[in-house]
Structure formats: structure tokens, C-alpha cells
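Structure, as C-alpha cells:
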Amino acid sequence: IYSQVVDVLVCKMNKRTYPAHSVGRVDQAEAVKADEKNMGCISLLDFFGFETLEKNSFEQLCINYANEHLQNRYIIDNFQSVRDDYEFEGVEIEFDCSMINNSEVLNLVEGRMGLISIINEECVRPSGNSSSFVYKAKMIHKDSNHLVSEKLHRPWEFGVKHFAGLVTYDATDFIERNTDQLPLDLLECVTKCTNSIISTQFDTLLTERQTLMQSTRRKQGAMSMTICSKFRKRLAGLIEHIAATKTRYVRCIKPNENKTPRVTDHMVTMGQLGSAGIVTAINISKNIFPNQLPYDTVWDRFHC
């Protein structure tokens, strides 16, 4: 109920804050497509930080997966684009991005036989469970440098080498969290609620569930309704939107592990700067031509 109410609030706020000249159109999506050439947009994305806790569950995997995508976008915007520009201009320059390239981690999570696919497969299997998911993941990706299998791991534990460091996940509740389906009789009960917002939202959910149950491709439909599949689809839309914009990045560095004010642990901060690609960016800046001069400097030097 909480999730559905939040969805309604977000939808209403988006409609209210959309430019006034599109108000009144029936299809907001079509309005966006029609007006996007004539309007500008300034967006601020405040995202979860990389998480590694004493117990890392399904939520931490989703958060760190999203951070991997944003890190990959950062690499493309700041390093790959520079390299492409220099190659196009025929200027020779050498810098190694392999230390910060996280495409292999993304492939491990969302690839054809990645962790998301294996989790979804276990969700639709009658006897699917977390231990089976971990076993399959370790067997399929036994040659991967980013999936960690240790002898002391319990059957439901596995590790992933993210760009920011190694995280050991506890997959005990992965299957249940990923399925996230309410019993059909409970859905039918909530649709009879006297609150119009709740009844309308759950009517939609009930219709989707019934359509899925009647479908001839129930397995594929069930896999597309999992939390992982929905999260991957929404994340792909976010990254596509970011890729179409001129992006500026603000990096937040945690000064120490104890949250102590006015204390900087240099090992902790340097580890973050290295894994985030900041050190690589500084080294690249030393080897290339300056391309981000202040406006007043450019004006003084080149104005006619």
C-alpha cells in the first residue's frame, strides 16, 4: 500500500511540475516527445552511496548494481569521450582505463547468464531457493575475476568485486525479495477498499496478475514481473536519459569509517579516490591538452 501511494504522489507531482504549455494533453508521454526539442531541463540526481554492511542483502545488491552503472557512465563521459576525441583528431595519447573499467562487473550482474537472470530463473522454479542460486552463479561464473567464492562461504553466501571494493552478500532472502508477489486473494480483498486511490491502484495490479496467469508464456511473464527485472528496466531508462544530457558530477568522499567530525583517514579517502577514478582522471589531465579553461582565460587569450 505504501509503495502504491508513493507511486501516485510521484506521478501527480511530475504532472504538476511539467511545463504549463503541455497541461491538458491526454497523453503526457506524447507531450514530452513533442516538446522536448523546444524546452530545456535541469535535473539533479542524488543517488545512494556504495553500500557494504555487516550483512549485505538483496537491497544492497540493487544499490551497488545501480552505482556500477553510474560509475560506468562516469567513465564513458570523462575518459572514453576524451580518448575518442583524440583518436578522431589523430592525436596520439596513451592512458590506461583498465583499472577503473567496470564493464565486466556489469556483465556479471546483468549479462545473458548474469546474476539477475539466475535469480529470476530460481523465482519461477517450483523448488527454487537461495542456495541453488548461489551454487549456479558460482558454477557459471567460476572463471570470473569479479565473482568471489571462498571456502569459508556458507551455501547462501557469495562475493562480488565492485569498483569500490569487495562485498560479501547473504542471499538467504533473495528469492522471496525478488518475487515480491502478494497472494491473489489478498489482492482481491484490497481492491474492495473504500479509499479510491488504493482500490484503483490495486485493481491495476490485479488485472496485470490475471493477465499473466492467462498468458501462454507465463514463465517469461513471471520473470519480467520480478523486482530485479523492473529495477533493471528503470535503471536502463535513467542511464539512457543521463546519456542524452550534458552531465556534471559531484563526488562525495567519506573522510573516515567512524563518522567522526573533522577527522580524515588518508587510507580511507585515497581508497575511495582510487576506486572512483579520480586519481586516473588527474593522471590523464597531466598528459592531455587543457580543455576546461576558465571562461575569462579563454576570452583574454582568444578574443578578436
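In the C-alpha cells, chains take letters A, B, ... by order of appearance, with residues numbered from 1 within each chain and ligands from 1 in the order shown.
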List every residue of region 26-243 of chain A that DSSP, applied to the backbone of this structure, places in alpha helix (DSSP H), and write the result as JSON, numbers by chain. {"A": [28, 29, 30, 31, 32, 33, 34, 35, 58, 59, 60, 61, 62, 63, 64, 65, 66, 67, 68, 69, 70, 71, 72, 73, 74, 75, 81, 82, 83, 84, 85, 86, 87, 88, 89, 103, 104, 105, 106, 107, 108, 109, 110, 115, 116, 117, 118, 119, 120, 121, 122, 123, 124, 130, 131, 132, 133, 134, 135, 136, 137, 138, 139, 140, 174, 175, 176, 177, 178, 179, 184, 185, 186, 187, 188, 189, 190, 196, 197, 198, 199, 200, 201, 202, 203, 204, 205, 206, 207, 208, 209, 210, 211, 212, 213, 214, 218, 219, 220, 221, 222, 223, 224, 227, 228, 229, 230, 231, 232, 233, 234, 235, 236, 237, 238, 239, 240, 241, 242, 243]}
Under the rule of at most 12 Å, produce a per-residue listing of region 210-285 of chain A near region 38-60 of chain A: chain, number, name, the closest pair of atoms, and the distance in Å, as a Markdown table, using only C-alpha atoms.
```
| residue | atom | partner | partner_atom | distance |
| --- | --- | --- | --- | --- |
| A:Ile227 | CA | A:Phe58 | CA | 10.0 |
| A:Cys228 | CA | A:Phe58 | CA | 9.5 |
| A:Phe231 | CA | A:Glu59 | CA | 11.0 |
| A:Leu235 | CA | A:Phe47 | CA | 11.9 |
| A:Leu238 | CA | A:Leu45 | CA | 9.9 |
| A:Ile239 | CA | A:Leu45 | CA | 11.3 |
| A:His241 | CA | A:Ser43 | CA | 10.3 |
| A:Ile242 | CA | A:Ser43 | CA | 9.4 |
| A:Ala244 | CA | A:Cys41 | CA | 11.3 |
| A:Thr245 | CA | A:Cys41 | CA | 9.0 |
| A:Lys246 | CA | A:Ile42 | CA | 9.6 |
| A:Thr247 | CA | A:Ser43 | CA | 9.6 |
| A:Arg248 | CA | A:Leu44 | CA | 9.7 |
| A:Tyr249 | CA | A:Leu45 | CA | 9.7 |
| A:Val250 | CA | A:Asp46 | CA | 9.7 |
| A:Arg251 | CA | A:Gly49 | CA | 10.1 |
| A:Cys252 | CA | A:Gly49 | CA | 8.7 |
| A:Ile253 | CA | A:Gly49 | CA | 9.9 |
| A:Lys254 | CA | A:Gly49 | CA | 10.0 |
| A:Glu257 | CA | A:Thr52 | CA | 11.6 |
| A:Gln272 | CA | A:Phe50 | CA | 10.3 |
| A:Ser275 | CA | A:Phe50 | CA | 11.2 |
| A:Ala276 | CA | A:Phe50 | CA | 10.6 |
```
Please report the interatomic distance between CA of Tyr65 (chain A) and CA of Leu106 (chain A) in Å with one decimal. 7.5 Å
Env of Glu104 (chain A): 9 Å cut, atoms = only C-alpha atoms, seq-sep filter 2 positions within chain, self excluded. Answer as a ChimeraX atom specification. /A:101-102,106-109,144-146
Could you give me, as CSV, a per-residue list for region 51-160 of chain A showing, wherever an atom lies at most 10 Å from an atom of region 279-288 of chain A, the closest pair of atoms and their distance in Å to one decimal, using only C-alpha atoms and sorting by chain then residue number from low to high?
```
residue,atom,partner,partner_atom,distance
A:Ile75,CA,A:Ala281,CA,9.4
A:Asn78,CA,A:Ala281,CA,7.7
A:Phe79,CA,A:Ala281,CA,7.5
A:Val82,CA,A:Ile288,CA,9.1
A:Arg83,CA,A:Ile288,CA,9.9
A:Tyr86,CA,A:Ile288,CA,9.1
A:Val91,CA,A:Ile288,CA,9.8
A:Glu92,CA,A:Ile288,CA,9.8
A:Ile93,CA,A:Ile288,CA,7.4
A:Glu94,CA,A:Asn287,CA,8.3
A:Phe95,CA,A:Ile284,CA,6.6
A:Asp96,CA,A:Thr280,CA,8.4
A:Cys97,CA,A:Thr280,CA,7.7
A:Met99,CA,A:Thr280,CA,8.6
A:Ile100,CA,A:Thr280,CA,8.0
```
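For region 94-218 of chain A, a DSSP pass over the backbone yields strand (DSSP E or B) at Leu147, Val148, Glu157, Phe158, Gly159, Val160, Lys161, His162, Gly165, Leu166, Val167, Thr168, Tyr169 and Asp170 of chain A.
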Grab the residues selected above and save them as an mmCIF file, in the first residue's frame with all heavy atoms.
```
data_model
loop_
_atom_site.group_PDB
_atom_site.id
_atom_site.type_symbol
_atom_site.label_atom_id
_atom_site.label_comp_id
_atom_site.auth_asym_id
_atom_site.auth_seq_id
_atom_site.Cartn_x
_atom_site.Cartn_y
_atom_site.Cartn_z
ATOM 1 N N LEU A 147 33.442 -12.466 -9.451
ATOM 2 C CA LEU A 147 32.600 -13.250 -8.549
ATOM 3 C C LEU A 147 33.513 -14.052 -7.631
ATOM 4 O O LEU A 147 34.328 -14.847 -8.097
ATOM 5 C CB LEU A 147 31.669 -14.191 -9.311
ATOM 6 C CG LEU A 147 30.687 -14.964 -8.432
ATOM 7 C CD1 LEU A 147 29.631 -14.021 -7.871
ATOM 8 C CD2 LEU A 147 30.019 -16.093 -9.201
ATOM 9 N N VAL A 148 33.385 -13.834 -6.341
ATOM 10 C CA VAL A 148 34.308 -14.416 -5.367
ATOM 11 C C VAL A 148 33.644 -15.605 -4.676
ATOM 12 O O VAL A 148 32.528 -15.492 -4.164
ATOM 13 C CB VAL A 148 34.735 -13.377 -4.312
ATOM 14 C CG1 VAL A 148 35.658 -14.002 -3.284
ATOM 15 C CG2 VAL A 148 35.411 -12.191 -5.000
ATOM 16 N N GLU A 157 26.129 -17.729 0.561
ATOM 17 C CA GLU A 157 26.984 -16.546 0.509
ATOM 18 C C GLU A 157 27.832 -16.522 -0.758
ATOM 19 O O GLU A 157 28.282 -17.577 -1.239
ATOM 20 C CB GLU A 157 27.902 -16.493 1.741
ATOM 21 C CG GLU A 157 27.179 -16.199 3.035
ATOM 22 C CD GLU A 157 28.142 -16.112 4.216
ATOM 23 O OE1 GLU A 157 29.225 -16.742 4.138
ATOM 24 O OE2 GLU A 157 27.804 -15.436 5.209
ATOM 25 N N PHE A 158 28.053 -15.342 -1.274
ATOM 26 C CA PHE A 158 28.947 -15.143 -2.417
ATOM 27 C C PHE A 158 29.485 -13.716 -2.358
ATOM 28 O O PHE A 158 28.915 -12.841 -1.696
ATOM 29 C CB PHE A 158 28.214 -15.372 -3.748
ATOM 30 C CG PHE A 158 27.145 -14.362 -4.053
ATOM 31 C CD1 PHE A 158 27.386 -13.288 -4.906
ATOM 32 C CD2 PHE A 158 25.877 -14.466 -3.490
ATOM 33 C CE1 PHE A 158 26.403 -12.349 -5.191
ATOM 34 C CE2 PHE A 158 24.885 -13.535 -3.758
ATOM 35 C CZ PHE A 158 25.148 -12.475 -4.613
ATOM 36 N N GLY A 159 30.590 -13.474 -3.047
ATOM 37 C CA GLY A 159 31.200 -12.151 -3.047
ATOM 38 C C GLY A 159 31.277 -11.563 -4.450
ATOM 39 O O GLY A 159 31.367 -12.297 -5.429
ATOM 40 N N VAL A 160 31.218 -10.249 -4.530
ATOM 41 C CA VAL A 160 31.354 -9.543 -5.801
ATOM 42 C C VAL A 160 32.395 -8.439 -5.632
ATOM 43 O O VAL A 160 32.325 -7.654 -4.678
ATOM 44 C CB VAL A 160 30.021 -8.917 -6.263
ATOM 45 C CG1 VAL A 160 30.230 -8.101 -7.547
ATOM 46 C CG2 VAL A 160 28.976 -9.996 -6.500
ATOM 47 N N LYS A 161 33.360 -8.400 -6.541
ATOM 48 C CA LYS A 161 34.358 -7.329 -6.528
ATOM 49 C C LYS A 161 33.808 -6.136 -7.301
ATOM 50 O O LYS A 161 33.931 -6.060 -8.522
ATOM 51 C CB LYS A 161 35.669 -7.814 -7.153
ATOM 52 C CG LYS A 161 36.443 -8.785 -6.293
ATOM 53 C CD LYS A 161 37.773 -9.153 -6.954
ATOM 54 C CE LYS A 161 38.576 -10.120 -6.092
ATOM 55 N NZ LYS A 161 39.852 -10.505 -6.741
ATOM 56 N N HIS A 162 33.194 -5.205 -6.584
ATOM 57 C CA HIS A 162 32.674 -3.993 -7.192
ATOM 58 C C HIS A 162 33.804 -2.997 -7.424
ATOM 59 O O HIS A 162 34.934 -3.199 -6.957
ATOM 60 C CB HIS A 162 31.609 -3.365 -6.295
ATOM 61 C CG HIS A 162 30.342 -4.158 -6.206
ATOM 62 N ND1 HIS A 162 29.403 -4.178 -7.221
ATOM 63 C CD2 HIS A 162 29.859 -4.964 -5.224
ATOM 64 C CE1 HIS A 162 28.398 -4.953 -6.867
ATOM 65 N NE2 HIS A 162 28.645 -5.443 -5.660
ATOM 66 N N GLY A 165 35.148 -1.931 -4.128
ATOM 67 C CA GLY A 165 35.683 -2.916 -3.199
ATOM 68 C C GLY A 165 34.874 -4.205 -3.185
ATOM 69 O O GLY A 165 33.828 -4.323 -3.837
ATOM 70 N N LEU A 166 35.360 -5.174 -2.438
ATOM 71 C CA LEU A 166 34.710 -6.478 -2.342
ATOM 72 C C LEU A 166 33.533 -6.421 -1.369
ATOM 73 O O LEU A 166 33.649 -5.872 -0.280
ATOM 74 C CB LEU A 166 35.729 -7.524 -1.866
ATOM 75 C CG LEU A 166 35.188 -8.913 -1.527
ATOM 76 C CD1 LEU A 166 34.602 -9.578 -2.769
ATOM 77 C CD2 LEU A 166 36.284 -9.778 -0.915
ATOM 78 N N VAL A 167 32.407 -7.004 -1.782
ATOM 79 C CA VAL A 167 31.226 -7.091 -0.923
ATOM 80 C C VAL A 167 30.772 -8.541 -0.876
ATOM 81 O O VAL A 167 30.620 -9.186 -1.925
ATOM 82 C CB VAL A 167 30.069 -6.210 -1.447
ATOM 83 C CG1 VAL A 167 28.849 -6.359 -0.551
ATOM 84 C CG2 VAL A 167 30.494 -4.759 -1.516
ATOM 85 N N THR A 168 30.580 -9.062 0.336
ATOM 86 C CA THR A 168 30.055 -10.414 0.517
ATOM 87 C C THR A 168 28.555 -10.330 0.781
ATOM 88 O O THR A 168 28.120 -9.629 1.698
ATOM 89 C CB THR A 168 30.753 -11.130 1.691
ATOM 90 O OG1 THR A 168 32.155 -11.222 1.424
ATOM 91 C CG2 THR A 168 30.187 -12.535 1.868
ATOM 92 N N TYR A 169 27.765 -11.023 -0.042
ATOM 93 C CA TYR A 169 26.304 -10.955 0.054
ATOM 94 C C TYR A 169 25.740 -12.201 0.735
ATOM 95 O O TYR A 169 26.226 -13.318 0.534
ATOM 96 C CB TYR A 169 25.689 -10.811 -1.344
ATOM 97 C CG TYR A 169 25.985 -9.497 -2.000
ATOM 98 C CD1 TYR A 169 27.013 -9.378 -2.931
ATOM 99 C CD2 TYR A 169 25.252 -8.354 -1.689
ATOM 100 C CE1 TYR A 169 27.294 -8.165 -3.542
ATOM 101 C CE2 TYR A 169 25.528 -7.138 -2.289
ATOM 102 C CZ TYR A 169 26.547 -7.052 -3.219
ATOM 103 O OH TYR A 169 26.832 -5.847 -3.812
ATOM 104 N N ASP A 170 24.710 -11.974 1.518
ATOM 105 C CA ASP A 170 23.940 -13.046 2.137
ATOM 106 C C ASP A 170 22.651 -13.199 1.339
ATOM 107 O O ASP A 170 21.767 -12.352 1.398
ATOM 108 C CB ASP A 170 23.642 -12.690 3.598
ATOM 109 C CG ASP A 170 22.924 -13.806 4.338
ATOM 110 O OD1 ASP A 170 22.192 -14.582 3.687
ATOM 111 O OD2 ASP A 170 23.074 -13.905 5.574
#
```
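Using only C-alpha atoms, the residues found no farther than 12 Å from Met113 (chain A), other than those of its own chain fewer than 6 positions away, are Leu106, Asn107, Ile119, Asn120, Glu121, Phe133, Lys136, Ala137, Lys138, Met139, Ile140 and His141 of chain A.
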Identify, on the basis of only C-alpha atoms, every residue whose closest approach to His266 (chain A) does not exceed 8 Å; exclude the query and any residue fewer than 3 positions from it along the same chain; express the result as a PyMOL selection string. chain A and resi 255+269-270
Would you list the contacts of region 202-208 of chain A as a list in words, taking every protein, DNA or RNA residue within 8 Å and counting only C-alpha atoms, but skipping same-chain residues closer than 2 positions in sequence? Leu184, Leu187, Glu188, Val190, Thr191, Ile198, Ser199, Thr200, Gln210, Thr211 and Leu212 of chain A
What gap, in Å, lies between CA of Phe174 (chain A) and CA of Gly128 (chain A)?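 Computed distance, CA of Phe174 (chain A) to CA of Gly128 (chain A), equals 10.7 Å.
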My list of candidates is A:Trp299, A:Tyr2, A:Phe163, A:Phe88. Which is closest to Asn64 (chain A) when distances are computed with only C-alpha atoms?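 Ranked by minimum distance to Asn64 (chain A), first place goes to A:Phe163.
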